[in-house]
Amino acid sequence: MKLLLASVLAGSAAAFAPAAQQAASSSLNMVNELELGATAPLGVFDPLGWLDNEPESFERRRAVERKHGRIAMAAMVGVIVHNNGIHFDGYLSPSANLKFEDVPQGVDGIRAIPTAGLLQILFFFALVELAWMPASDYSGDYGVGWFGDDIKNPEEKARKLNAELNNGRAAMMGIMGNMVVEVITGQTMAEQYAAGHISPFGDGQGVF
């Protein structure tokens, strides 16, 4: 099962790898945001014409897309790890005698977290949004670099940022699809793979 899920994850990453990147800005520290995410065959996908009608909002919308993509990528990794039975040792809540391994897989897991734990998560999000990685900073660059490395080459930086955007888009679709199908079928990701359940329109058992 673990090998299967790892293969699916690797295949998904390869499927959403960016196409050849257009020329970036000549600046060593900046890239052209309009060129990022403009991947063949769609190119610049703007069916509502917002780039022309509301160009001043592009920076904020791009920042929102980038942040949601990062959250979705973390969520997808978490889902895959948890569905493989990998979890922290010890207790999530000693007072409630709740171990990490006792938290159910899938969307029902959040219901098992005590209220105090949910409040801690919300406070942490608030700290990130207001102080550590403020939502008012649209650059998406919070000084941590790429695994600690500050990339100076503009073409390499544009390629990695482009990959981040495209993988983030794939992850947003993936985590939403995972949650919706889980609610429809009543099966977690691991249960769906174990049952060979591919289509969400069946009874939750078998391919269809």
# chains A, B, ... in the order shown; residues from 1 in each chain; ligands from 1
>>> residues_around(residues="Pro104 of chain A", least_positions_apart="5", cutoff="10 Å", atoms="only C-alpha atoms", output="VMD selection string")
chain A and resid 82 to 83 109 to 113 188
>>> select_by_dssp(residues="segment 83-112 of chain A", states="strand (DSSP E or B)", output="MDAnalysis selection string")
chainID A and resid 91:93 98:99
>>> closest_residue(among="A:Gly37, A:Gly49, A:Gly85, A:Gly78", to="Ala158 of chain A", atoms="only C-alpha atoms")
A:Gly37
>>> residues_around(residues="segment 97-103 of chain A", least_positions_apart="6", cutoff="7 Å", atoms="only C-alpha atoms", output="PyMOL selection string")
chain A and resi 87-91+109+112
>>> atom_distance(atom1="atom CA of Pro47 of chain A", atom2="atom CA of Glu35 of chain A")
16.4 Å
>>> residues_around(residues="Ala116 of chain A", least_positions_apart="6", cutoff="12 Å", atoms="only C-alpha atoms", output="ChimeraX atom specification")
/A:92-93,95-96,122-123
>>> select_by_dssp(residues="segment 12-186 of chain A", states="helix (DSSP H, G or I)", output="MDAnalysis selection string")
chainID A and resid 12:15 50:53 55:83 100:102 107:112 115:132 154:185
>>> closest_atom_pairs(of="segment 37-63 of chain A", to="segment 164-167 of chain A", cutoff="12 Å", atoms="only C-alpha atoms", output="JSON lines")
{"residue": "A:Gly37", "atom": "CA", "partner": "A:Leu165", "partner_atom": "CA", "distance": 6.0}
{"residue": "A:Ala38", "atom": "CA", "partner": "A:Asn166", "partner_atom": "CA", "distance": 9.3}
{"residue": "A:Thr39", "atom": "CA", "partner": "A:Asn166", "partner_atom": "CA", "distance": 8.3}
{"residue": "A:Ala40", "atom": "CA", "partner": "A:Asn166", "partner_atom": "CA", "distance": 11.3}
{"residue": "A:Arg62", "atom": "CA", "partner": "A:Leu165", "partner_atom": "CA", "distance": 9.4}
{"residue": "A:Ala63", "atom": "CA", "partner": "A:Leu165", "partner_atom": "CA", "distance": 10.4}
>>> write_last_selection(atoms="N, CA, C and O atoms", output="compact mmCIF listing (two decimals), in the first residue's frame")
# COMPACT_ATOMS: atom_id res chain seq x y z
N GLY A 37 3.43 30.50 -13.82
CA GLY A 37 2.16 29.80 -13.90
C GLY A 37 1.54 29.79 -15.28
O GLY A 37 0.50 29.16 -15.49
N ALA A 38 2.16 30.49 -16.24
CA ALA A 38 1.64 30.51 -17.61
C ALA A 38 2.18 29.29 -18.34
O ALA A 38 3.12 29.38 -19.13
N THR A 39 1.58 28.14 -18.08
CA THR A 39 2.08 26.86 -18.57
C THR A 39 1.25 26.39 -19.75
O THR A 39 0.02 26.50 -19.75
N ALA A 40 1.93 25.86 -20.75
CA ALA A 40 1.23 25.31 -21.92
C ALA A 40 0.32 24.16 -21.48
O ALA A 40 0.63 23.46 -20.52
N ARG A 62 -2.55 36.64 -6.82
CA ARG A 62 -1.43 35.72 -6.98
C ARG A 62 -0.90 35.28 -5.61
O ARG A 62 -0.56 34.12 -5.41
N ALA A 63 -0.84 36.22 -4.66
CA ALA A 63 -0.38 35.88 -3.31
C ALA A 63 -1.32 34.88 -2.65
O ALA A 63 -0.88 33.93 -1.98
>>> closest_residue(among="A:Leu161, A:Ala170, A:Val180, A:Leu42", to="Gly69 of chain A", atoms="only C-alpha atoms")
A:Ala170
>>> atom_distance(atom1="atom CA of Tyr138 of chain A", atom2="atom CA of Gln120 of chain A")
25.7 Å
>>> closest_residue(among="A:Asn84, A:Thr115, A:Ser139, A:Gln105", to="Val64 of chain A", atoms="only C-alpha atoms")
A:Ser139
